[in-house]
Amino acid sequence: MSLRVVFMGTPDFSVPTLMEIVGQGHDVVACYSQPPRPAGRGMDLKKSPVHEAAESFGIPVFTPTSLKDPEEQDQFEALNADVAVVVAYGLLLPKAILDAPEQGCLNLHASILPRWRGAAPINRAIMAGDTETAVQVMRMEEGLDTGPVCMSETVAIGPNMTAGELHDQLSGLGGDLMVRALAALSRGALGEQVQAEEGVTYAAKLSKQETQIDWSASSKNVHNHIRGLSPFPGAWCEMSLGGKTERVKILRSSLADGNGAAGTVVAVDEAPVIACGSGAVRLEQVQRAGKKPMSGTDFLRGAALTVGASVS
């Protein structure tokens, strides 16, 4: 049965879910997304990926900066939606918004709740060395990701998987999961399971201050840090290249054999190998400022790093 849906989302992660909902024949009566932001060299206003996708389907798009205004809430209620679907929207939903759709609001969240509630669950799971995560459909409450879980699909996190790779896998899987949840909802068969009170952790928004690599950490932690921030915002370190200090993003790494003072180049066989507090990591893919990503091997050809050089 077709449902009247209000879709609320902003980044690339949200687009597959919107496309699946439209593809299944549901009536998406409106999309809500973050307002256009300055981007690019000219700093022209750029619409969000969801905004652009919605317009391609002819769906009306609203971009309020807040949903606390009574007029915004009245406009939302007037849409007479059966359900709102929320995927990485970026604004808190007040109670008036949560209560407006006849069958409430469903949120797509990328973790095994209650672990990693909050803004950056994909990055935090990898940075913590988790070996599995999930994409889940949750019925929304006023608390931060506290509502009961309706459907879940578990995904293994490989030892070298990056946040970008996991993002893409969960994004596609999430679209399929949400349309299955909507189908169950339309039949009155969508179950709910209250989240456990134990094991609650929070996935805080990533900050610039934590992107620099701490070479004094173990090689495992450094490796997890690198892949958890790849490709964006990117873990980085500083190196002396061509007689000047340059910031270099490390996009891929692997665990390697090697010992030495933390932050010291201990091998330059196929790619640079950097000693950590314990163990070492090989730099498999890097990106110099203003240049495209390159393999560690190609980087070595131009960087002239030598054993014993220091990075910070």
# chains A, B, ... in the order shown; residues from 1 in each chain; ligands from 1
>>> residues_around(residues="segment 228-233 of chain A", least_positions_apart="4", cutoff="9 Å", atoms="only C-alpha atoms", output="list of chain:residue names")
A:Ile122, A:Asn123, A:Arg124, A:Ala125, A:Ile126, A:Met127, A:Ala128, A:Gly129, A:Met161, A:Thr162, A:Ala163, A:Gly164, A:Glu165, A:Leu206, A:Lys208, A:Thr211, A:His223, A:Asn224, A:Ile250, A:Leu251, A:Arg252
>>> write_last_selection(atoms="C-alpha atoms", output="PDB file, in the first residue's frame")
ATOM      1  CA  ILE A 122      30.406   5.010  10.902  1.00  0.00           C
ATOM      2  CA  ASN A 123      33.671   6.804  11.680  1.00  0.00           C
ATOM      3  CA  ARG A 124      33.558   6.029  15.391  1.00  0.00           C
ATOM      4  CA  ALA A 125      32.922   2.321  14.868  1.00  0.00           C
ATOM      5  CA  ILE A 126      36.009   1.967  12.686  1.00  0.00           C
ATOM      6  CA  MET A 127      38.168   4.215  14.865  1.00  0.00           C
ATOM      7  CA  ALA A 128      37.263   2.033  17.855  1.00  0.00           C
ATOM      8  CA  GLY A 129      38.226  -1.129  15.973  1.00  0.00           C
ATOM      9  CA  MET A 161      37.797  -1.220   5.443  1.00  0.00           C
ATOM     10  CA  THR A 162      37.639   2.587   5.350  1.00  0.00           C
ATOM     11  CA  ALA A 163      34.823   4.798   6.557  1.00  0.00           C
ATOM     12  CA  GLY A 164      34.057   5.685   2.947  1.00  0.00           C
ATOM     13  CA  GLU A 165      33.654   2.040   1.947  1.00  0.00           C
ATOM     14  CA  LEU A 206      34.335  14.659  14.271  1.00  0.00           C
ATOM     15  CA  LYS A 208      39.558  19.048  13.369  1.00  0.00           C
ATOM     16  CA  THR A 211      42.466  14.365  12.758  1.00  0.00           C
ATOM     17  CA  HIS A 223      45.628   2.120  11.473  1.00  0.00           C
ATOM     18  CA  ASN A 224      42.052   2.324  12.803  1.00  0.00           C
ATOM     19  CA  ILE A 250      47.038   9.357   4.882  1.00  0.00           C
ATOM     20  CA  LEU A 251      44.053   7.694   3.209  1.00  0.00           C
ATOM     21  CA  ARG A 252      45.023   4.015   3.472  1.00  0.00           C
TER      22      ARG A 252
END
>>> select_by_dssp(residues="segment 152-311 of chain A", states="strand (DSSP E)", output="tab-separated table (two decimals) with C-alpha atoms, in the first residue's frame")
chain	number	residue	atom	x	y	z
A	152	SER	CA	18.21	-4.22	11.52
A	153	GLU	CA	20.81	-5.51	9.07
A	154	THR	CA	24.26	-6.38	10.42
A	155	VAL	CA	27.44	-5.77	8.39
A	156	ALA	CA	30.98	-7.02	9.02
A	202	TYR	CA	27.96	8.24	21.75
A	203	ALA	CA	29.42	8.98	18.33
A	235	ALA	CA	43.94	11.73	9.04
A	236	TRP	CA	47.16	13.66	8.47
A	237	CYS	CA	50.74	14.17	9.55
A	238	GLU	CA	53.51	16.60	8.73
A	239	MET	CA	56.62	15.62	6.76
A	240	SER	CA	59.70	17.43	5.55
A	241	LEU	CA	59.47	17.24	1.74
A	244	LYS	CA	59.84	22.37	3.64
A	245	THR	CA	57.27	21.00	6.06
A	246	GLU	CA	54.14	19.77	4.33
A	247	ARG	CA	50.87	18.36	5.61
A	248	VAL	CA	50.08	14.98	4.06
A	249	LYS	CA	46.79	13.11	4.38
A	250	ILE	CA	47.04	9.36	4.88
A	251	LEU	CA	44.05	7.69	3.21
A	252	ARG	CA	45.02	4.02	3.47
A	253	SER	CA	47.42	2.10	5.65
A	254	SER	CA	48.23	-1.46	6.63
A	255	LEU	CA	49.87	-3.03	9.64
A	256	ALA	CA	53.57	-3.67	9.06
A	265	VAL	CA	60.49	6.10	8.95
A	266	VAL	CA	61.78	2.54	9.48
A	267	ALA	CA	61.51	1.19	5.92
A	268	VAL	CA	61.04	2.47	2.38
A	272	PRO	CA	56.91	4.27	3.60
A	273	VAL	CA	56.69	2.33	6.87
A	274	ILE	CA	56.32	4.49	9.99
A	275	ALA	CA	57.02	3.28	13.52
A	280	ALA	CA	54.41	0.08	12.56
A	281	VAL	CA	52.10	0.99	9.68
A	282	ARG	CA	52.72	1.11	5.95
A	283	LEU	CA	51.33	4.14	4.11
A	284	GLU	CA	49.37	2.58	1.23
A	285	GLN	CA	47.69	5.72	-0.11
A	286	VAL	CA	48.44	9.36	0.60
A	287	GLN	CA	47.43	12.81	-0.62
A	288	ARG	CA	49.77	15.78	-0.69
A	294	MET	CA	48.43	8.51	-4.90
A	295	SER	CA	49.81	5.15	-3.87
>>> closest_residue(among="A:Gly90, A:Lys68, A:Leu98, A:Gly175", to="Ile21 of chain A", atoms="only C-alpha atoms")
A:Gly175
>>> atom_distance(atom1="atom CA of Glu77 of chain A", atom2="atom CA of Leu45 of chain A")
28.6 Å
>>> closest_residue(among="A:Leu67, A:Met178, A:Met43, A:Met1", to="Thr17 of chain A", atoms="only C-alpha atoms")
A:Met178
>>> residues_around(residues="Leu182 of chain A", least_positions_apart="6", cutoff="10 Å", atoms="only C-alpha atoms", output="list in words")
Met1, Ser2, Leu3, Val5, Ile21, Gln24, His26, Val83, Val85, Leu106, Val137, Gly188, Ala189 and Leu190 of chain A
>>> write_last_selection(atoms="all heavy atoms", output="CSV table (one decimal), in the first residue's frame")
chain,number,residue,atom,x,y,z
A,1,MET,N,0.8,-1.2,0.0
A,1,MET,CA,0.0,0.0,0.0
A,1,MET,C,0.9,1.2,0.0
A,1,MET,O,1.8,1.3,0.8
A,1,MET,CB,-0.9,0.0,1.2
A,1,MET,CG,-1.9,1.2,1.2
A,1,MET,SD,-3.0,1.1,2.7
A,1,MET,CE,-1.9,1.9,3.9
A,2,SER,N,0.6,2.2,-0.9
A,2,SER,CA,1.3,3.4,-1.0
A,2,SER,C,1.1,4.3,0.3
A,2,SER,O,0.0,4.4,0.7
A,2,SER,CB,1.0,4.2,-2.2
A,2,SER,OG,1.6,5.4,-2.3
A,3,LEU,N,2.2,4.9,0.8
A,3,LEU,CA,2.1,5.8,1.9
A,3,LEU,C,2.4,7.2,1.5
A,3,LEU,O,3.2,7.4,0.6
A,3,LEU,CB,3.1,5.4,3.0
A,3,LEU,CG,2.8,4.0,3.7
A,3,LEU,CD1,4.0,3.6,4.5
A,3,LEU,CD2,1.5,4.0,4.5
A,5,VAL,N,4.5,10.1,2.3
A,5,VAL,CA,5.8,10.2,3.0
A,5,VAL,C,6.4,11.6,2.9
A,5,VAL,O,6.4,12.2,1.9
A,5,VAL,CB,6.8,9.2,2.5
A,5,VAL,CG1,8.2,9.3,3.2
A,5,VAL,CG2,6.3,7.8,2.5
A,21,ILE,N,12.4,4.7,-1.9
A,21,ILE,CA,11.0,5.0,-1.5
A,21,ILE,C,10.2,5.5,-2.7
A,21,ILE,O,9.1,5.0,-2.9
A,21,ILE,CB,11.0,6.1,-0.4
A,21,ILE,CG1,11.6,5.6,0.9
A,21,ILE,CG2,9.6,6.7,-0.2
A,21,ILE,CD1,11.9,6.6,1.9
A,24,GLN,N,9.5,2.5,-5.1
A,24,GLN,CA,8.5,1.6,-4.6
A,24,GLN,C,7.1,2.2,-4.7
A,24,GLN,O,6.1,1.5,-4.3
A,24,GLN,CB,8.8,1.2,-3.1
A,24,GLN,CG,10.0,0.3,-3.0
A,24,GLN,CD,9.8,-1.0,-3.6
A,24,GLN,OE1,8.8,-1.7,-3.5
A,24,GLN,NE2,10.9,-1.5,-4.4
A,26,HIS,N,5.7,5.0,-3.3
A,26,HIS,CA,5.2,5.8,-2.3
A,26,HIS,C,5.1,7.2,-2.7
A,26,HIS,O,5.8,7.7,-3.6
A,26,HIS,CB,6.1,5.7,-1.0
A,26,HIS,CG,6.1,4.3,-0.4
A,26,HIS,ND1,5.0,3.8,0.3
A,26,HIS,CD2,7.0,3.4,-0.3
A,26,HIS,CE1,5.3,2.6,0.7
A,26,HIS,NE2,6.5,2.3,0.3
A,83,VAL,N,3.8,9.1,7.3
A,83,VAL,CA,5.0,8.8,8.1
A,83,VAL,C,6.1,9.8,7.5
A,83,VAL,O,6.1,10.2,6.4
A,83,VAL,CB,5.4,7.4,7.9
A,83,VAL,CG1,5.7,7.1,6.4
A,83,VAL,CG2,6.6,7.0,8.7
A,85,VAL,N,10.2,9.9,7.1
A,85,VAL,CA,11.4,9.1,7.0
A,85,VAL,C,12.6,10.1,7.1
A,85,VAL,O,12.8,11.0,6.3
A,85,VAL,CB,11.5,8.3,5.7
A,85,VAL,CG1,12.9,7.6,5.6
A,85,VAL,CG2,10.4,7.3,5.7
A,106,LEU,N,10.2,7.6,11.2
A,106,LEU,CA,11.2,6.5,11.2
A,106,LEU,C,12.6,7.0,10.8
A,106,LEU,O,12.7,7.8,9.9
A,106,LEU,CB,10.8,5.4,10.2
A,106,LEU,CG,9.5,4.7,10.5
A,106,LEU,CD1,9.2,3.6,9.5
A,106,LEU,CD2,9.5,4.1,11.9
A,137,VAL,N,16.5,0.6,11.3
A,137,VAL,CA,15.3,1.5,11.2
A,137,VAL,C,14.8,1.6,12.6
A,137,VAL,O,14.5,0.6,13.3
A,137,VAL,CB,14.2,1.0,10.3
A,137,VAL,CG1,13.0,1.8,10.4
A,137,VAL,CG2,14.7,0.9,8.9
A,188,GLY,N,0.6,-2.9,8.9
A,188,GLY,CA,0.4,-2.9,10.4
A,188,GLY,C,1.2,-4.0,11.0
A,188,GLY,O,0.9,-4.5,12.1
A,189,ALA,N,2.4,-4.3,10.4
A,189,ALA,CA,3.2,-5.4,10.9
A,189,ALA,C,4.6,-5.0,11.3
A,189,ALA,O,5.5,-5.9,11.3
A,189,ALA,CB,3.2,-6.5,9.9
A,190,LEU,N,4.8,-3.7,11.5
A,190,LEU,CA,6.2,-3.3,11.8
A,190,LEU,C,6.4,-3.5,13.3
A,190,LEU,O,5.8,-2.8,14.1
A,190,LEU,CB,6.4,-1.8,11.4
A,190,LEU,CG,7.8,-1.3,11.6
A,190,LEU,CD1,8.8,-2.0,10.7
A,190,LEU,CD2,7.8,0.2,11.3
>>> residues_around(residues="Gly118 of chain A", least_positions_apart="4", cutoff="10 Å", atoms="only C-alpha atoms", output="PDB file with N, CA and C atoms, in the first residue's frame")
ATOM      1  N   HIS A 109      19.527   4.640  10.966  1.00  0.00           N
ATOM      2  CA  HIS A 109      20.744   4.921  11.731  1.00  0.00           C
ATOM      3  C   HIS A 109      21.794   3.854  11.452  1.00  0.00           C
ATOM      4  N   ALA A 110      23.059   4.288  11.340  1.00  0.00           N
ATOM      5  CA  ALA A 110      24.140   3.386  10.911  1.00  0.00           C
ATOM      6  C   ALA A 110      24.970   2.878  12.090  1.00  0.00           C
ATOM      7  N   SER A 111      24.340   2.145  12.986  1.00  0.00           N
ATOM      8  CA  SER A 111      25.095   1.469  14.050  1.00  0.00           C
ATOM      9  C   SER A 111      24.210   0.410  14.684  1.00  0.00           C
ATOM     10  N   PRO A 114      22.210   0.286  21.237  1.00  0.00           N
ATOM     11  CA  PRO A 114      22.501   1.670  21.625  1.00  0.00           C
ATOM     12  C   PRO A 114      23.978   2.085  21.463  1.00  0.00           C
ATOM     13  N   LEU A 144      18.077  11.458  21.913  1.00  0.00           N
ATOM     14  CA  LEU A 144      19.035  11.264  20.823  1.00  0.00           C
ATOM     15  C   LEU A 144      19.189   9.782  20.509  1.00  0.00           C
ATOM     16  N   ASP A 145      18.553   9.343  19.418  1.00  0.00           N
ATOM     17  CA  ASP A 145      18.646   7.950  18.952  1.00  0.00           C
ATOM     18  C   ASP A 145      18.264   6.942  20.031  1.00  0.00           C
ATOM     19  N   THR A 146      17.216   7.274  20.790  1.00  0.00           N
ATOM     20  CA  THR A 146      16.824   6.418  21.908  1.00  0.00           C
ATOM     21  C   THR A 146      15.629   5.521  21.596  1.00  0.00           C
ATOM     22  N   THR A 201      26.874   4.088  23.924  1.00  0.00           N
ATOM     23  CA  THR A 201      28.030   4.929  23.616  1.00  0.00           C
ATOM     24  C   THR A 201      27.575   6.010  22.643  1.00  0.00           C
ATOM     25  N   TYR A 202      28.349   7.104  22.578  1.00  0.00           N
ATOM     26  CA  TYR A 202      27.963   8.238  21.750  1.00  0.00           C
ATOM     27  C   TYR A 202      29.024   8.524  20.688  1.00  0.00           C
ATOM     28  N   ALA A 203      28.551   8.705  19.470  1.00  0.00           N
ATOM     29  CA  ALA A 203      29.422   8.978  18.325  1.00  0.00           C
ATOM     30  C   ALA A 203      29.474  10.480  18.102  1.00  0.00           C
ATOM     31  N   ALA A 204      30.334  11.151  18.838  1.00  0.00           N
ATOM     32  CA  ALA A 204      30.430  12.610  18.742  1.00  0.00           C
ATOM     33  C   ALA A 204      30.846  13.040  17.344  1.00  0.00           C
ATOM     34  N   LYS A 205      30.396  14.208  16.941  1.00  0.00           N
ATOM     35  CA  LYS A 205      30.788  14.778  15.663  1.00  0.00           C
ATOM     36  C   LYS A 205      32.301  14.882  15.594  1.00  0.00           C
TER      37      LYS A 205
END
>>> residues_around(residues="Leu91 of chain A", least_positions_apart="5", cutoff="9 Å", atoms="only C-alpha atoms", output="ChimeraX atom specification")
/A:33-34,65-67
>>> select_by_dssp(residues="segment 2-243 of chain A", states="alpha helix (DSSP H)", output="PyMOL selection string")
chain A and resi 15-23+49-56+70-77+95-99+121-127+163-186+219-228
>>> write_last_selection(atoms="C-alpha atoms", output="short mmCIF file (atom, residue, chain, number, x, y, z; two decimals), in the first residue's frame")
data_model
loop_
_atom_site.label_atom_id
_atom_site.label_comp_id
_atom_site.auth_asym_id
_atom_site.auth_seq_id
_atom_site.Cartn_x
_atom_site.Cartn_y
_atom_site.Cartn_z
CA VAL A 15 19.91 9.64 -1.40
CA PRO A 16 19.59 5.85 -1.99
CA THR A 17 16.81 5.69 0.61
CA LEU A 18 14.89 8.50 -1.10
CA MET A 19 15.31 6.79 -4.46
CA GLU A 20 14.11 3.44 -3.11
CA ILE A 21 11.03 5.04 -1.53
CA VAL A 22 10.13 6.78 -4.78
CA GLY A 23 10.86 3.61 -6.75
CA PRO A 49 22.51 15.94 -2.54
CA VAL A 50 19.01 15.19 -1.22
CA HIS A 51 17.77 18.60 -2.39
CA GLU A 52 19.04 17.95 -5.91
CA ALA A 53 17.68 14.39 -6.00
CA ALA A 54 14.25 15.51 -4.78
CA GLU A 55 14.04 18.22 -7.43
CA SER A 56 14.92 15.67 -10.12
CA PRO A 70 5.17 27.35 15.03
CA GLU A 71 4.67 28.38 11.40
CA GLU A 72 7.14 25.73 10.24
CA GLN A 73 5.39 23.16 12.39
CA ASP A 74 1.98 24.11 10.98
CA GLN A 75 3.34 23.81 7.43
CA PHE A 76 4.73 20.35 8.23
CA GLU A 77 1.46 19.18 9.78
CA LYS A 95 7.80 16.96 19.61
CA ALA A 96 5.30 18.79 17.39
CA ILE A 97 7.09 17.47 14.30
CA LEU A 98 7.50 13.95 15.70
CA ASP A 99 3.80 13.78 16.49
CA PRO A 121 28.59 6.32 14.00
CA ILE A 122 30.41 5.01 10.90
CA ASN A 123 33.67 6.80 11.68
CA ARG A 124 33.56 6.03 15.39
CA ALA A 125 32.92 2.32 14.87
CA ILE A 126 36.01 1.97 12.69
CA MET A 127 38.17 4.21 14.86
CA ALA A 163 34.82 4.80 6.56
CA GLY A 164 34.06 5.68 2.95
CA GLU A 165 33.65 2.04 1.95
CA LEU A 166 31.45 1.27 4.94
CA HIS A 167 29.42 4.44 4.29
CA ASP A 168 28.63 3.31 0.74
CA GLN A 169 27.70 -0.21 1.79
CA LEU A 170 25.40 0.92 4.59
CA SER A 171 23.84 3.64 2.44
CA GLY A 172 22.71 1.17 -0.21
CA LEU A 173 21.62 -1.42 2.33
CA GLY A 174 19.73 1.24 4.28
CA GLY A 175 17.53 2.14 1.33
CA ASP A 176 16.42 -1.46 0.95
CA LEU A 177 15.85 -1.82 4.70
CA MET A 178 13.70 1.32 4.90
CA VAL A 179 11.36 0.30 2.08
CA ARG A 180 10.92 -3.08 3.76
CA ALA A 181 10.05 -1.23 6.96
CA LEU A 182 7.52 0.95 5.12
CA ALA A 183 5.95 -2.14 3.57
CA ALA A 184 5.56 -3.68 7.02
CA LEU A 185 4.22 -0.39 8.39
CA SER A 186 1.56 -0.24 5.67
CA SER A 219 50.03 0.55 15.22
CA LYS A 220 46.55 -0.97 15.47
CA ASN A 221 45.09 2.25 16.86
CA VAL A 222 46.91 4.38 14.27
CA HIS A 223 45.63 2.12 11.47
CA ASN A 224 42.05 2.32 12.80
CA HIS A 225 42.36 6.10 13.12
CA ILE A 226 43.49 6.45 9.51
CA ARG A 227 40.81 4.25 7.98
CA GLY A 228 38.10 5.70 10.25
#
>>> closest_residue(among="A:Ala304, A:Val61, A:Val149, A:Met8", to="Leu93 of chain A", atoms="only C-alpha atoms")
A:Met8
>>> closest_residue(among="A:Pro35, A:Gly147, A:Pro60, A:Gly296", to="Val194 of chain A", atoms="only C-alpha atoms")
A:Gly147
>>> residues_around(residues="Gly277 of chain A", least_positions_apart="4", cutoff="6 Å", atoms="only C-alpha atoms", output="list in words")
Ser216, Ala217, Ser218 and Ala262 of chain A
>>> atom_distance(atom1="atom CA of Gly279 of chain A", atom2="atom CA of Pro293 of chain A")
25.1 Å
>>> atom_distance(atom1="atom CA of Pro36 of chain A", atom2="atom CA of Gln212 of chain A")
29.4 Å
>>> decode(residues="segment 270-281 of chain A", atoms="all heavy atoms", output="PDB file, in the first residue's frame")
ATOM      1  N   GLU A 270      58.383  -0.822  -0.486  1.00  0.00           N
ATOM      2  CA  GLU A 270      57.387  -0.536  -1.510  1.00  0.00           C
ATOM      3  C   GLU A 270      56.620   0.740  -1.205  1.00  0.00           C
ATOM      4  O   GLU A 270      56.076   1.384  -2.104  1.00  0.00           O
ATOM      5  CB  GLU A 270      56.415  -1.712  -1.635  1.00  0.00           C
ATOM      6  CG  GLU A 270      57.082  -3.007  -2.087  1.00  0.00           C
ATOM      7  CD  GLU A 270      56.097  -4.143  -2.144  1.00  0.00           C
ATOM      8  OE1 GLU A 270      54.920  -3.931  -1.793  1.00  0.00           O
ATOM      9  OE2 GLU A 270      56.503  -5.254  -2.544  1.00  0.00           O
ATOM     10  N   ALA A 271      56.539   1.082   0.056  1.00  0.00           N
ATOM     11  CA  ALA A 271      55.860   2.291   0.514  1.00  0.00           C
ATOM     12  C   ALA A 271      56.463   2.649   1.874  1.00  0.00           C
ATOM     13  O   ALA A 271      57.090   1.807   2.520  1.00  0.00           O
ATOM     14  CB  ALA A 271      54.357   2.045   0.636  1.00  0.00           C
ATOM     15  N   PRO A 272      56.311   3.893   2.312  1.00  0.00           N
ATOM     16  CA  PRO A 272      56.905   4.267   3.597  1.00  0.00           C
ATOM     17  C   PRO A 272      56.303   3.458   4.747  1.00  0.00           C
ATOM     18  O   PRO A 272      55.094   3.239   4.794  1.00  0.00           O
ATOM     19  CB  PRO A 272      56.533   5.752   3.733  1.00  0.00           C
ATOM     20  CG  PRO A 272      56.205   6.204   2.358  1.00  0.00           C
ATOM     21  CD  PRO A 272      55.640   5.026   1.651  1.00  0.00           C
ATOM     22  N   VAL A 273      57.130   3.018   5.658  1.00  0.00           N
ATOM     23  CA  VAL A 273      56.693   2.335   6.871  1.00  0.00           C
ATOM     24  C   VAL A 273      57.097   3.205   8.052  1.00  0.00           C
ATOM     25  O   VAL A 273      58.277   3.540   8.205  1.00  0.00           O
ATOM     26  CB  VAL A 273      57.320   0.932   6.993  1.00  0.00           C
ATOM     27  CG1 VAL A 273      56.908   0.279   8.317  1.00  0.00           C
ATOM     28  CG2 VAL A 273      56.917   0.056   5.815  1.00  0.00           C
ATOM     29  N   ILE A 274      56.103   3.559   8.872  1.00  0.00           N
ATOM     30  CA  ILE A 274      56.321   4.486   9.989  1.00  0.00           C
ATOM     31  C   ILE A 274      56.145   3.745  11.302  1.00  0.00           C
ATOM     32  O   ILE A 274      55.137   3.043  11.507  1.00  0.00           O
ATOM     33  CB  ILE A 274      55.335   5.670   9.943  1.00  0.00           C
ATOM     34  CG1 ILE A 274      55.237   6.258   8.537  1.00  0.00           C
ATOM     35  CG2 ILE A 274      55.726   6.731  10.964  1.00  0.00           C
ATOM     36  CD1 ILE A 274      56.497   6.883   8.021  1.00  0.00           C
ATOM     37  N   ALA A 275      57.106   3.904  12.199  1.00  0.00           N
ATOM     38  CA  ALA A 275      57.019   3.284  13.517  1.00  0.00           C
ATOM     39  C   ALA A 275      55.974   3.995  14.368  1.00  0.00           C
ATOM     40  O   ALA A 275      55.818   5.214  14.301  1.00  0.00           O
ATOM     41  CB  ALA A 275      58.372   3.332  14.210  1.00  0.00           C
ATOM     42  N   CYS A 276      55.278   3.199  15.164  1.00  0.00           N
ATOM     43  CA  CYS A 276      54.278   3.737  16.092  1.00  0.00           C
ATOM     44  C   CYS A 276      54.751   3.469  17.521  1.00  0.00           C
ATOM     45  O   CYS A 276      55.867   3.009  17.738  1.00  0.00           O
ATOM     46  CB  CYS A 276      52.926   3.078  15.839  1.00  0.00           C
ATOM     47  SG  CYS A 276      52.323   3.284  14.143  1.00  0.00           S
ATOM     48  N   GLY A 277      53.908   3.754  18.499  1.00  0.00           N
ATOM     49  CA  GLY A 277      54.272   3.489  19.884  1.00  0.00           C
ATOM     50  C   GLY A 277      54.637   2.037  20.092  1.00  0.00           C
ATOM     51  O   GLY A 277      55.523   1.692  20.866  1.00  0.00           O
ATOM     52  N   SER A 278      53.931   1.160  19.385  1.00  0.00           N
ATOM     53  CA  SER A 278      54.296  -0.257  19.272  1.00  0.00           C
ATOM     54  C   SER A 278      53.910  -0.702  17.874  1.00  0.00           C
ATOM     55  O   SER A 278      52.837  -0.371  17.378  1.00  0.00           O
ATOM     56  CB  SER A 278      53.565  -1.096  20.330  1.00  0.00           C
ATOM     57  OG  SER A 278      52.167  -0.979  20.197  1.00  0.00           O
ATOM     58  N   GLY A 279      54.793  -1.416  17.210  1.00  0.00           N
ATOM     59  CA  GLY A 279      54.540  -1.844  15.844  1.00  0.00           C
ATOM     60  C   GLY A 279      54.723  -0.707  14.842  1.00  0.00           C
ATOM     61  O   GLY A 279      55.296   0.342  15.161  1.00  0.00           O
ATOM     62  N   ALA A 280      54.229  -0.914  13.622  1.00  0.00           N
ATOM     63  CA  ALA A 280      54.412   0.079  12.561  1.00  0.00           C
ATOM     64  C   ALA A 280      53.269  -0.030  11.558  1.00  0.00           C
ATOM     65  O   ALA A 280      52.559  -1.038  11.517  1.00  0.00           O
ATOM     66  CB  ALA A 280      55.753  -0.135  11.859  1.00  0.00           C
ATOM     67  N   VAL A 281      53.100   1.012  10.748  1.00  0.00           N
ATOM     68  CA  VAL A 281      52.104   0.985   9.682  1.00  0.00           C
ATOM     69  C   VAL A 281      52.763   1.360   8.359  1.00  0.00           C
ATOM     70  O   VAL A 281      53.690   2.174   8.317  1.00  0.00           O
ATOM     71  CB  VAL A 281      50.907   1.935   9.954  1.00  0.00           C
ATOM     72  CG1 VAL A 281      50.124   1.493  11.170  1.00  0.00           C
ATOM     73  CG2 VAL A 281      51.360   3.369  10.089  1.00  0.00           C
TER      74      VAL A 281
END
